Amino acid sequence: MSKYGLSKEQVEESRRKYGDNTLTQPPRETFWSKLLDNFQDPIIRILIVALLVNAFFVYLGHGDWIETIGIFLAIILATFVSTWSEYSNENAFQKLQEEASRIRCKVWRDGEPLEIAIDDVVVGDAIILEAGDKIPADGILLEGTLKLDQAALNGESEEAKKVAAPADFQWDDSKIDFLDEHKLFRGSVVVEGTAVMQAVKIGDNSVYGQLTQELKDDERDSPLKLKLKGLAEQISKFGYAGGVLIAVAVMLHKIYLAGSFAAYFADMTTVIADLVQAVILAIIIIVMAVPEGLPLMIAIVSSLNMRKMLRDNVLVRKLVGIETAGSLNLLFTDKTGTITKGQLEVVRFITGDLQEINGFDKLPARLKELTCQQVLINTSSTVTDGKIVGGNMTETALNNYVGAYRLPQLPQLPQRQRFTPFNSANKYSWAQVAPADGGAAYCLIKGAPEKLLQATDWYWSNDGSRLPLTDEMKAALDNRMIELAGQAIRMLALCTYEGVPADNLPAKGLTLAGVVAIRDDVRPEAVEAIKAVQQAGVQVVMITGDRKETAVAIAKDAGLLQTAEDVVWTSDELAQMSDDEVKAKLTHLRVVARALPMDKSRLVRLAQELNLVTGMTGDGVNDSPALKKADVGFAMGSGTEVAKEAGDIVIMDDNFLSIKQAILYGRTIYNSICKFIVFQLTINFSAVAINFIAPFINIDEPLTITQILWINLVMDTLAALAFGGEPALAQYLREAPKRRSAPIVSKKMLTSVIISGLYMTIVGIAFYKSAWVDHLFRDADNHIYTYTGFFCTYIFMAVANGFNVRTDGFNLLQNISLNKGFLQVMALIVAIQVLLTFIGGRVLRTTPLNAHEWGVVVLFGVSIIIVDLLRKLVSKN
């Protein structure tokens, strides 16, 4: 029971009076404002101006008003559809981000500790804080001592010390003082200590709530995004050059048809009308060539895969993380709970005189009492009715070990006066306690045996007396621990100290109660996942606080250590090496034992200096710098809130298998985008080529402006939906990671674009210049059936090429059942195209075709499949 906290009735009353802890989200951009913004695009503006000029010439009788209306409707439709796709996907992202940002905190309610969502905190709540927590509200420190990182609020890197406020302390709203030693502010991070605070200002009334509109995450560009930027610049240059050349070609063609410059320029009204048409066509080509669909494609494919990842216990906090995960070269991973099951079990108790006792019930009375005190008092976790609430996996294992041996069997627990929590730098925790009977204060200390045994001079015997612990006994104990470590068993020493030490561990005088042997078996699925990740070309390095022997045993079981070249370092060995020495052997590194937080940051830095895309897993406060510095930070779901804040991806179940899935989905996104790029560039290339060549071989408008706008809509929006649903295939993990410097368009992709694009261009020319092709369609003075046939053939070739690019194999329907949306989108495109032949009329230059003509269209359309299969066959040989 606690003297702090609210009852259920008080919580409801506080919520009615002050509201809850929800922060008002900044207003989201509406669909209509986004649509208006899209009309501000420079290319769209130019197109609209050109359209208005064209409408003016129609008014003067020098243009086709039906085509003008068609262009207007096509622009509106294309902009509307792209805006809707962008808007809906942004909303989906925001919902996922809200899910990722949910924080849990512990409060006292009705005298019991309870874990609740941060939004459910109310004014007056007594909030339990420990290292790694984010302060959930502004308030007053009631009990305990803390060190806080307040950099998110005041920019100061120096830790702020906070102490319990006196009973008469009053909150002052007149000024904001981050240095007030009794006040805590939302957004700060607990670096050290445990405490209880009372919430005074919540939600928008907190300082953080007032600043939230100004706080923004610094997003870094992923390797994929950098490559796409470079590609977009190259395609844009091609599009602008193609647009200008096509405009010039059209004007030259008009002059050629007029017979001479003089004859053509004799009628300036016609010249201006033709010039406007040429400029409009050039702008449409630019609109088509410039890859504005790429950002939409990234949004769609990422959104669809993020939903799938949630089902696999992978929560993406920052999109850059999942994009980058597919390019990982090196992954530094934790051991406990990630590679191992995280279900720690105490398997034996070793006394100072080397007796090994199985089972807590078999311990002598004095050792039982001391062990129970270590579990219930020397802990960062919350203890109520003799039970631990929360805490890490080691605390849980110790709690299970002690089991039912609690009050009233245990004499009244001493009162804790001071406490220093465990951290990976010190590798121990200690609590100063005062006996209930008023005796002299003493300390409970637990931590790494090699750290504590150096300062140990005594041990507790079975009869409860203190006896000397000789050097020979220490050596024998150490040898036994080495043997157990070789069996993947870790050790935790439990010691006492008679007296009150300074803040640091005493140099000598400790008394050993015993060494607890803890076992954590390797996850079977982690072994398979590690193998798959290694086959994917990712170097996996296990970083652990365990001693070297334990780390090596687990690494062997997990499949990390396989050859004589594999390297295992301890933190001490790493510290003695220069950066150049570390870099020289880094590619052979497999294990770092007894690791310190600064080791992780250093290894990430050195790996990045070698131009390796680096991932890091972590769960504690001390892991945060390395998580932030890594190209991809994987925070564990059971870890601290500050670790999750620093990470890009949260592994909800702490399982290495989920890390493998994150890498797989990253590669899936990359491959899906590459497929879309090939699909898009093939249409870009062929459309620009056809329209560029046409004027020189006496073809007038092989593709009209409205037709090009429809093709652009197919290419950007509908194709993005089709390729966005591509499944995560195990074969992607057999591919080598993509280098940072590698272009996103590979030689194979470029070959596919050029061959398919040239074929589409040749087919287009054949429709307009081949009498044989023309005779396959009904005769008409304006060749409307042939022109309709080509427009439909072009769309059908694009659809068929979609099947070509979605797989590298010869089976174009491979895994199609895993992306039924692809079939649905492609069927929709075909259905709309057929419909347009009936309703397109003069706007789209179409007319209904008969069964024979549709047969010709289908044959020409699917013929591109034969061409690409031949390309694949040649490239395989």
# chains A, B, ... in the order shown; residues from 1 in each chain; ligands from 1

call {"tool": "residues_around", "arguments": {"residues": "Asn801 of chain A", "least_positions_apart": "3", "cutoff": "8 Å", "atoms": "only C-alpha atoms", "output": "compact mmCIF listing (two decimals) with all heavy atoms, in the first residue's frame"}}
result
# COMPACT_ATOMS: atom_id res chain seq x y z
N PHE A 679 8.68 0.10 -64.29
CA PHE A 679 7.38 0.28 -64.94
C PHE A 679 7.21 1.72 -65.41
O PHE A 679 6.82 1.98 -66.55
CB PHE A 679 6.27 -0.10 -63.95
CG PHE A 679 4.87 0.10 -64.48
CD1 PHE A 679 4.26 -0.89 -65.22
CD2 PHE A 679 4.17 1.27 -64.22
CE1 PHE A 679 2.98 -0.73 -65.71
CE2 PHE A 679 2.88 1.44 -64.70
CZ PHE A 679 2.29 0.44 -65.44
N SER A 756 12.13 -2.74 -73.45
CA SER A 756 10.66 -2.64 -73.48
C SER A 756 10.21 -1.29 -74.01
O SER A 756 9.23 -1.21 -74.77
CB SER A 756 10.10 -2.87 -72.07
OG SER A 756 10.41 -4.16 -71.61
N MET A 797 -0.04 -2.78 -73.35
CA MET A 797 1.39 -3.10 -73.24
C MET A 797 1.93 -2.67 -71.88
O MET A 797 2.73 -3.39 -71.27
CB MET A 797 2.19 -2.42 -74.36
CG MET A 797 2.08 -3.11 -75.71
SD MET A 797 3.32 -2.55 -76.92
CE MET A 797 2.82 -0.85 -77.14
N ALA A 798 1.48 -1.50 -71.40
CA ALA A 798 1.92 -1.04 -70.08
C ALA A 798 1.45 -2.01 -68.99
O ALA A 798 2.21 -2.35 -68.07
CB ALA A 798 1.39 0.36 -69.82
N ASN A 804 5.56 -8.21 -66.28
CA ASN A 804 6.97 -8.50 -66.57
C ASN A 804 7.88 -8.07 -65.43
O ASN A 804 8.77 -8.81 -65.01
CB ASN A 804 7.42 -7.78 -67.85
CG ASN A 804 6.87 -8.41 -69.10
OD1 ASN A 804 6.57 -9.61 -69.13
ND2 ASN A 804 6.72 -7.63 -70.16
N VAL A 805 7.66 -6.85 -64.93
CA VAL A 805 8.64 -6.27 -64.01
C VAL A 805 8.43 -6.74 -62.57
O VAL A 805 9.32 -6.57 -61.74
CB VAL A 805 8.60 -4.72 -64.06
CG1 VAL A 805 8.90 -4.24 -65.46
CG2 VAL A 805 7.27 -4.17 -63.57
N ILE A 864 4.56 -7.77 -75.71
CA ILE A 864 5.70 -7.26 -74.94
C ILE A 864 6.17 -8.29 -73.91
O ILE A 864 7.33 -8.27 -73.49
CB ILE A 864 5.34 -5.92 -74.26
CG1 ILE A 864 6.62 -5.20 -73.79
CG2 ILE A 864 4.37 -6.13 -73.09
CD1 ILE A 864 6.37 -3.80 -73.29
N ILE A 865 5.28 -9.20 -73.54
CA ILE A 865 5.67 -10.27 -72.61
C ILE A 865 6.70 -11.18 -73.27
O ILE A 865 7.70 -11.57 -72.65
CB ILE A 865 4.44 -11.07 -72.18
CG1 ILE A 865 3.52 -10.21 -71.30
CG2 ILE A 865 4.84 -12.35 -71.43
CD1 ILE A 865 2.23 -10.89 -70.87

call {"tool": "residues_around", "arguments": {"residues": "segment 179-190 of chain A", "least_positions_apart": "5", "cutoff": "9 Å", "atoms": "only C-alpha atoms", "output": "short mmCIF file (atom, residue, chain, number, x, y, z; two decimals) with all heavy atoms, in the first residue's frame"}}
result
data_model
loop_
_atom_site.label_atom_id
_atom_site.label_comp_id
_atom_site.auth_asym_id
_atom_site.auth_seq_id
_atom_site.Cartn_x
_atom_site.Cartn_y
_atom_site.Cartn_z
N LEU A 129 8.38 6.77 -10.83
CA LEU A 129 9.42 7.04 -11.83
C LEU A 129 10.66 6.20 -11.55
O LEU A 129 11.02 5.98 -10.39
CB LEU A 129 9.80 8.52 -11.81
CG LEU A 129 8.69 9.53 -12.11
CD1 LEU A 129 9.18 10.94 -11.87
CD2 LEU A 129 8.18 9.37 -13.54
N GLU A 130 11.32 5.76 -12.62
CA GLU A 130 12.61 5.09 -12.49
C GLU A 130 13.44 5.41 -13.72
O GLU A 130 12.95 6.04 -14.68
CB GLU A 130 12.43 3.59 -12.32
CG GLU A 130 11.67 2.91 -13.42
CD GLU A 130 11.39 1.45 -13.10
OE1 GLU A 130 10.73 1.16 -12.09
OE2 GLU A 130 11.84 0.60 -13.90
N ALA A 131 14.71 5.02 -13.71
CA ALA A 131 15.62 5.36 -14.80
C ALA A 131 15.07 4.90 -16.14
O ALA A 131 14.60 3.77 -16.28
CB ALA A 131 16.99 4.72 -14.55
N GLY A 132 15.12 5.80 -17.12
CA GLY A 132 14.63 5.49 -18.46
C GLY A 132 13.25 6.02 -18.75
O GLY A 132 12.84 6.09 -19.90
N ASP A 133 12.49 6.40 -17.71
CA ASP A 133 11.14 6.91 -17.91
C ASP A 133 11.17 8.35 -18.42
O ASP A 133 12.07 9.12 -18.09
CB ASP A 133 10.34 6.87 -16.60
CG ASP A 133 9.95 5.45 -16.21
OD1 ASP A 133 10.03 4.57 -17.07
OD2 ASP A 133 9.57 5.24 -15.04
N LYS A 134 10.14 8.68 -19.19
CA LYS A 134 9.93 10.08 -19.55
C LYS A 134 8.90 10.65 -18.57
O LYS A 134 7.91 10.00 -18.25
CB LYS A 134 9.41 10.21 -20.98
CG LYS A 134 10.42 9.83 -22.04
CD LYS A 134 9.95 10.21 -23.43
CE LYS A 134 10.06 11.71 -23.65
NZ LYS A 134 9.76 12.10 -25.04
N ILE A 135 9.16 11.85 -18.10
CA ILE A 135 8.22 12.49 -17.18
C ILE A 135 6.92 12.75 -17.94
O ILE A 135 6.93 13.43 -18.98
CB ILE A 135 8.79 13.82 -16.64
CG1 ILE A 135 10.17 13.59 -16.00
CG2 ILE A 135 7.83 14.45 -15.66
CD1 ILE A 135 10.17 12.69 -14.80
N PRO A 136 5.77 12.23 -17.47
CA PRO A 136 4.53 12.31 -18.25
C PRO A 136 3.71 13.58 -18.02
O PRO A 136 2.74 13.82 -18.73
CB PRO A 136 3.75 11.08 -17.78
CG PRO A 136 4.20 10.89 -16.36
CD PRO A 136 5.63 11.34 -16.30
N ALA A 137 4.06 14.38 -17.01
CA ALA A 137 3.30 15.59 -16.70
C ALA A 137 4.19 16.53 -15.90
O ALA A 137 5.26 16.13 -15.41
CB ALA A 137 2.04 15.25 -15.92
N ASP A 138 3.79 17.78 -15.78
CA ASP A 138 4.49 18.70 -14.88
C ASP A 138 4.02 18.41 -13.46
O ASP A 138 2.83 18.20 -13.21
CB ASP A 138 4.17 20.15 -15.23
CG ASP A 138 4.71 20.56 -16.59
OD1 ASP A 138 5.41 19.73 -17.21
OD2 ASP A 138 4.44 21.69 -17.03
N GLY A 139 4.95 18.42 -12.52
CA GLY A 139 4.53 18.13 -11.16
C GLY A 139 5.62 18.31 -10.13
O GLY A 139 6.70 18.84 -10.42
N ILE A 140 5.32 17.86 -8.92
CA ILE A 140 6.19 18.05 -7.75
C ILE A 140 6.75 16.69 -7.32
O ILE A 140 6.01 15.70 -7.29
CB ILE A 140 5.40 18.68 -6.59
CG1 ILE A 140 4.84 20.05 -7.00
CG2 ILE A 140 6.27 18.82 -5.35
CD1 ILE A 140 3.86 20.63 -6.00
N LEU A 141 8.02 16.65 -6.98
CA LEU A 141 8.64 15.42 -6.50
C LEU A 141 8.23 15.20 -5.03
O LEU A 141 8.51 16.03 -4.17
CB LEU A 141 10.15 15.50 -6.64
CG LEU A 141 10.92 14.19 -6.42
CD1 LEU A 141 10.51 13.16 -7.46
CD2 LEU A 141 12.42 14.43 -6.50
N LEU A 142 7.58 14.08 -4.79
CA LEU A 142 7.10 13.77 -3.44
C LEU A 142 8.09 12.95 -2.63
O LEU A 142 8.23 13.13 -1.43
CB LEU A 142 5.77 13.00 -3.52
CG LEU A 142 4.59 13.71 -4.19
CD1 LEU A 142 3.40 12.76 -4.27
CD2 LEU A 142 4.23 14.98 -3.43
N LEU A 146 16.25 12.20 -7.98
CA LEU A 146 16.39 11.91 -9.41
C LEU A 146 17.46 12.77 -10.05
O LEU A 146 17.75 13.87 -9.57
CB LEU A 146 15.07 12.15 -10.15
CG LEU A 146 13.84 11.35 -9.77
CD1 LEU A 146 12.64 11.85 -10.56
CD2 LEU A 146 14.06 9.86 -10.04
N LYS A 147 18.01 12.26 -11.14
CA LYS A 147 18.80 13.08 -12.06
C LYS A 147 18.08 13.04 -13.40
O LYS A 147 17.76 11.97 -13.91
CB LYS A 147 20.22 12.53 -12.20
CG LYS A 147 21.09 12.79 -10.97
CD LYS A 147 22.54 12.34 -11.20
CE LYS A 147 23.39 12.63 -9.97
NZ LYS A 147 24.80 12.18 -10.17
N LEU A 148 17.82 14.24 -13.94
CA LEU A 148 17.01 14.35 -15.15
C LEU A 148 17.80 14.94 -16.31
O LEU A 148 18.66 15.81 -16.12
CB LEU A 148 15.78 15.23 -14.91
CG LEU A 148 14.77 14.81 -13.84
CD1 LEU A 148 13.59 15.78 -13.87
CD2 LEU A 148 14.29 13.39 -14.09
N ASP A 149 17.48 14.48 -17.51
CA ASP A 149 17.94 15.12 -18.74
C ASP A 149 16.80 16.00 -19.23
O ASP A 149 15.76 15.50 -19.65
CB ASP A 149 18.29 14.05 -19.77
CG ASP A 149 18.71 14.65 -21.12
OD1 ASP A 149 18.73 15.88 -21.24
OD2 ASP A 149 19.01 13.87 -22.04
N GLN A 150 16.99 17.32 -19.15
CA GLN A 150 15.95 18.26 -19.55
C GLN A 150 16.26 18.94 -20.87
O GLN A 150 15.70 19.99 -21.20
CB GLN A 150 15.76 19.33 -18.46
CG GLN A 150 15.36 18.75 -17.11
CD GLN A 150 15.11 19.82 -16.07
OE1 GLN A 150 14.15 19.77 -15.31
NE2 GLN A 150 16.00 20.81 -15.98
N ALA A 151 17.18 18.34 -21.67
CA ALA A 151 17.65 18.98 -22.90
C ALA A 151 16.52 19.25 -23.88
O ALA A 151 16.54 20.24 -24.62
CB ALA A 151 18.72 18.11 -23.56
N ALA A 152 15.50 18.37 -23.90
CA ALA A 152 14.38 18.57 -24.82
C ALA A 152 13.60 19.85 -24.51
O ALA A 152 12.92 20.39 -25.38
CB ALA A 152 13.44 17.37 -24.77
N LEU A 153 13.73 20.34 -23.26
CA LEU A 153 12.98 21.53 -22.86
C LEU A 153 13.85 22.79 -22.84
O LEU A 153 13.43 23.85 -23.30
CB LEU A 153 12.37 21.31 -21.46
CG LEU A 153 11.34 20.17 -21.36
CD1 LEU A 153 10.96 19.95 -19.92
CD2 LEU A 153 10.10 20.51 -22.18
N ALA A 160 20.05 17.57 -14.38
CA ALA A 160 19.47 18.36 -13.29
C ALA A 160 19.09 17.44 -12.14
O ALA A 160 18.43 16.42 -12.35
CB ALA A 160 18.24 19.11 -13.78
N LYS A 161 19.53 17.77 -10.93
CA LYS A 161 19.20 16.97 -9.76
C LYS A 161 17.90 17.45 -9.15
O LYS A 161 17.67 18.65 -9.01
CB LYS A 161 20.33 17.05 -8.73
CG LYS A 161 20.12 16.12 -7.53
CD LYS A 161 21.32 16.14 -6.59
CE LYS A 161 21.11 15.18 -5.43
NZ LYS A 161 22.27 15.15 -4.50
N LYS A 162 17.03 16.51 -8.81
CA LYS A 162 15.74 16.81 -8.20
C LYS A 162 15.61 16.07 -6.88
O LYS A 162 15.97 14.88 -6.79
CB LYS A 162 14.60 16.40 -9.15
CG LYS A 162 14.66 17.04 -10.53
CD LYS A 162 14.41 18.53 -10.52
CE LYS A 162 14.46 19.12 -11.92
NZ LYS A 162 14.12 20.55 -11.96
N VAL A 163 15.09 16.75 -5.88
CA VAL A 163 14.91 16.15 -4.56
C VAL A 163 13.46 16.37 -4.12
O VAL A 163 12.75 17.22 -4.65
CB VAL A 163 15.87 16.77 -3.52
CG1 VAL A 163 17.31 16.48 -3.91
CG2 VAL A 163 15.64 18.27 -3.38
N ALA A 164 13.04 15.58 -3.13
CA ALA A 164 11.66 15.65 -2.66
C ALA A 164 11.35 17.03 -2.08
O ALA A 164 12.16 17.64 -1.39
CB ALA A 164 11.41 14.57 -1.61
N ALA A 165 10.15 17.52 -2.39
CA ALA A 165 9.72 18.84 -1.92
C ALA A 165 9.23 18.76 -0.48
O ALA A 165 8.71 17.72 -0.05
CB ALA A 165 8.60 19.37 -2.82
N PRO A 166 9.39 19.83 0.28
CA PRO A 166 8.84 19.85 1.64
C PRO A 166 7.32 19.82 1.60
O PRO A 166 6.70 20.12 0.58
CB PRO A 166 9.37 21.18 2.21
CG PRO A 166 9.68 22.01 1.01
CD PRO A 166 10.12 21.08 -0.06
N PHE A 169 5.40 22.89 0.21
CA PHE A 169 5.80 23.43 -1.10
C PHE A 169 4.57 23.68 -1.96
O PHE A 169 3.66 22.85 -2.05
CB PHE A 169 6.74 22.46 -1.81
CG PHE A 169 7.25 22.97 -3.14
CD1 PHE A 169 8.32 23.85 -3.20
CD2 PHE A 169 6.64 22.57 -4.33
CE1 PHE A 169 8.78 24.31 -4.41
CE2 PHE A 169 7.10 23.04 -5.55
CZ PHE A 169 8.18 23.92 -5.59
N TRP A 171 3.09 24.97 -5.86
CA TRP A 171 3.41 25.18 -7.28
C TRP A 171 3.17 26.63 -7.65
O TRP A 171 2.12 27.20 -7.33
CB TRP A 171 2.54 24.27 -8.15
CG TRP A 171 2.88 24.35 -9.61
CD1 TRP A 171 2.39 25.23 -10.52
CD2 TRP A 171 3.80 23.52 -10.31
NE1 TRP A 171 2.94 25.00 -11.75
CE2 TRP A 171 3.81 23.95 -11.65
CE3 TRP A 171 4.61 22.45 -9.94
CZ2 TRP A 171 4.60 23.35 -12.64
CZ3 TRP A 171 5.41 21.85 -10.90
CH2 TRP A 171 5.40 22.29 -12.22
N MET A 197 6.23 11.20 -8.04
CA MET A 197 5.88 12.61 -8.26
C MET A 197 4.36 12.76 -8.28
O MET A 197 3.62 11.79 -8.49
CB MET A 197 6.46 13.11 -9.58
CG MET A 197 5.82 12.50 -10.82
SD MET A 197 6.23 13.35 -12.37
CE MET A 197 5.19 14.82 -12.24
N LYS A 201 0.28 19.81 -13.57
CA LYS A 201 -0.14 20.37 -14.85
C LYS A 201 -0.08 19.27 -15.90
O LYS A 201 0.96 18.63 -16.07
CB LYS A 201 0.78 21.53 -15.28
CG LYS A 201 0.74 22.73 -14.33
CD LYS A 201 -0.59 23.47 -14.43
CE LYS A 201 -0.61 24.70 -13.55
NZ LYS A 201 -1.89 25.43 -13.64
N ILE A 202 -1.17 19.05 -16.59
CA ILE A 202 -1.23 17.95 -17.55
C ILE A 202 -1.64 18.46 -18.92
O ILE A 202 -2.13 19.59 -19.07
CB ILE A 202 -2.21 16.85 -17.09
CG1 ILE A 202 -3.64 17.43 -16.99
CG2 ILE A 202 -1.77 16.25 -15.77
CD1 ILE A 202 -4.69 16.37 -16.69
N SER A 206 0.66 21.74 -19.56
CA SER A 206 2.07 21.53 -19.22
C SER A 206 2.95 22.39 -20.10
O SER A 206 2.52 22.86 -21.17
CB SER A 206 2.44 20.05 -19.39
OG SER A 206 2.38 19.68 -20.75
N VAL A 207 4.18 22.62 -19.67
CA VAL A 207 5.11 23.40 -20.48
C VAL A 207 5.35 22.71 -21.81
O VAL A 207 5.38 23.35 -22.87
CB VAL A 207 6.45 23.60 -19.72
CG1 VAL A 207 7.47 24.27 -20.62
CG2 VAL A 207 6.23 24.41 -18.46
N TYR A 208 5.50 21.39 -21.76
CA TYR A 208 5.71 20.63 -23.00
C TYR A 208 4.51 20.78 -23.93
O TYR A 208 4.67 20.90 -25.16
CB TYR A 208 5.92 19.16 -22.65
CG TYR A 208 6.26 18.28 -23.84
CD1 TYR A 208 7.57 18.13 -24.26
CD2 TYR A 208 5.26 17.61 -24.53
CE1 TYR A 208 7.88 17.32 -25.34
CE2 TYR A 208 5.56 16.80 -25.61
CZ TYR A 208 6.87 16.65 -26.02
OH TYR A 208 7.16 15.87 -27.09
N GLY A 209 3.30 20.78 -23.36
CA GLY A 209 2.11 20.94 -24.17
C GLY A 209 2.08 22.27 -24.88
O GLY A 209 1.62 22.38 -26.03
N VAL A 621 18.49 3.47 -21.04
CA VAL A 621 18.86 4.88 -21.20
C VAL A 621 20.24 5.01 -21.84
O VAL A 621 20.45 5.82 -22.73
CB VAL A 621 18.85 5.58 -19.81
CG1 VAL A 621 19.31 7.02 -19.94
CG2 VAL A 621 17.48 5.52 -19.19
N GLU A 641 11.27 4.12 -22.16
CA GLU A 641 10.63 5.01 -23.12
C GLU A 641 11.67 5.86 -23.86
O GLU A 641 11.49 6.19 -25.03
CB GLU A 641 9.62 5.92 -22.40
CG GLU A 641 8.46 5.18 -21.78
CD GLU A 641 7.65 4.40 -22.79
OE1 GLU A 641 7.68 4.77 -23.98
OE2 GLU A 641 7.00 3.42 -22.40
N VAL A 642 12.75 6.22 -23.18
CA VAL A 642 13.76 7.04 -23.83
C VAL A 642 14.46 6.25 -24.93
O VAL A 642 14.84 6.81 -25.96
CB VAL A 642 14.78 7.58 -22.79
CG1 VAL A 642 15.63 6.47 -22.21
CG2 VAL A 642 15.68 8.64 -23.42
#

call {"tool": "select_by_dssp", "arguments": {"residues": "segment 412-492 of chain A", "states": "strand (DSSP E)", "output": "PyMOL selection string"}}
result
chain A and resi 415-420+428-434+442-447+456-460+466-468+489-492

call {"tool": "atom_distance", "arguments": {"atom1": "atom CA of Asn305 of chain A", "atom2": "atom CA of Asp648 of chain A"}}
result
15.4 Å

call {"tool": "residues_around", "arguments": {"residues": "segment 555-558 of chain A", "least_positions_apart": "4", "cutoff": "8 Å", "atoms": "only C-alpha atoms", "output": "tab-separated table (two decimals) with N, CA and C atoms, in the first residue's frame"}}
result
chain	number	residue	atom	x	y	z
A	339	ILE	N	18.19	-12.61	-28.59
A	339	ILE	CA	18.70	-13.89	-29.08
A	339	ILE	C	18.26	-15.02	-28.14
A	522	VAL	N	18.76	-20.05	-25.53
A	522	VAL	CA	18.67	-19.40	-26.84
A	522	VAL	C	17.33	-19.73	-27.49
A	526	ALA	N	15.37	-17.72	-33.11
A	526	ALA	CA	16.43	-16.74	-33.29
A	526	ALA	C	17.61	-17.34	-34.05
A	527	VAL	N	17.88	-18.63	-33.81
A	527	VAL	CA	18.97	-19.30	-34.52
A	527	VAL	C	18.70	-19.29	-36.02
A	530	ILE	N	18.92	-15.62	-37.33
A	530	ILE	CA	20.31	-15.16	-37.46
A	530	ILE	C	20.93	-15.74	-38.73
A	542	MET	N	26.86	-9.72	-31.55
A	542	MET	CA	26.14	-9.73	-30.27
A	542	MET	C	26.91	-8.91	-29.25
A	551	ALA	N	29.16	-15.32	-22.93
A	551	ALA	CA	28.85	-14.75	-24.25
A	551	ALA	C	29.27	-15.70	-25.37
A	562	GLN	N	31.41	-19.43	-35.89
A	562	GLN	CA	31.46	-20.61	-36.73
A	562	GLN	C	32.87	-20.92	-37.25
A	591	VAL	N	31.28	-10.97	-31.35
A	591	VAL	CA	30.79	-10.83	-29.97
A	591	VAL	C	31.60	-9.75	-29.25

call {"tool": "atom_distance", "arguments": {"atom1": "atom CA of Gly352 of chain A", "atom2": "atom CA of Val500 of chain A"}}
result
22.9 Å

call {"tool": "select_by_dssp", "arguments": {"residues": "segment 303-412 of chain A", "states": "helix (DSSP H, G or I)", "output": "ChimeraX atom specification"}}
result
/A:303-311,319-325,360-362,365-376,393-402

call {"tool": "residues_around", "arguments": {"residues": "Gln432 of chain A", "least_positions_apart": "3", "cutoff": "9 Å", "atoms": "only C-alpha atoms", "output": "ChimeraX atom specification"}}
result
/A:378,415-420,441-445,499-501

call {"tool": "closest_atom_pairs", "arguments": {"of": "segment 440-545 of chain A", "to": "segment 652-665 of chain A", "cutoff": "7 Å", "atoms": "only C-alpha atoms", "output": "tab-separated table"}}
result
residue	atom	partner	partner_atom	distance
A:Glu525	CA	A:Leu657	CA	6.4
A:Ala526	CA	A:Phe656	CA	5.5
A:Ala529	CA	A:Leu657	CA	5.2
A:Val533	CA	A:Lys660	CA	6.2

call {"tool": "residues_around", "arguments": {"residues": "Val763 of chain A", "least_positions_apart": "4", "cutoff": "12 Å", "atoms": "only C-alpha atoms", "output": "PyMOL selection string"}}
result
chain A and resi 686-687+689-690+702+756-759+767-770+773+789-791+793-794+797+857+859-864

call {"tool": "atom_distance", "arguments": {"atom1": "atom CA of Met309 of chain A", "atom2": "atom CA of Val632 of chain A"}}
result
15.9 Å

call {"tool": "closest_residue", "arguments": {"among": "A:Leu709, A:Leu331, A:Ile300, A:Ala365", "to": "Leu281 of chain A", "atoms": "only C-alpha atoms"}}
result
A:Leu709

call {"tool": "residues_around", "arguments": {"residues": "segment 5-9 of chain A", "least_positions_apart": "6", "cutoff": "10 Å", "atoms": "only C-alpha atoms", "output": "number ranges by chain"}}
result
A: 15, 107-113, 122-127, 196-198

call {"tool": "closest_residue", "arguments": {"among": "A:Gly509, A:Ser465, A:Tyr670, A:Val830", "to": "Leu718 of chain A", "atoms": "only C-alpha atoms"}}
result
A:Val830

call {"tool": "closest_atom_pairs", "arguments": {"of": "segment 638-685 of chain A", "to": "segment 806-823 of chain A", "cutoff": "10 Å", "atoms": "only C-alpha atoms", "output": "JSON lines"}}
result
{"residue": "A:Asn671", "atom": "CA", "partner": "A:Arg806", "partner_atom": "CA", "distance": 9.1}
{"residue": "A:Ser672", "atom": "CA", "partner": "A:Arg806", "partner_atom": "CA", "distance": 8.0}
{"residue": "A:Cys674", "atom": "CA", "partner": "A:Arg806", "partner_atom": "CA", "distance": 9.3}
{"residue": "A:Lys675", "atom": "CA", "partner": "A:Arg806", "partner_atom": "CA", "distance": 5.9}
{"residue": "A:Phe676", "atom": "CA", "partner": "A:Arg806", "partner_atom": "CA", "distance": 8.4}
{"residue": "A:Val678", "atom": "CA", "partner": "A:Arg806", "partner_atom": "CA", "distance": 9.4}
{"residue": "A:Phe679", "atom": "CA", "partner": "A:Arg806", "partner_atom": "CA", "distance": 9.0}
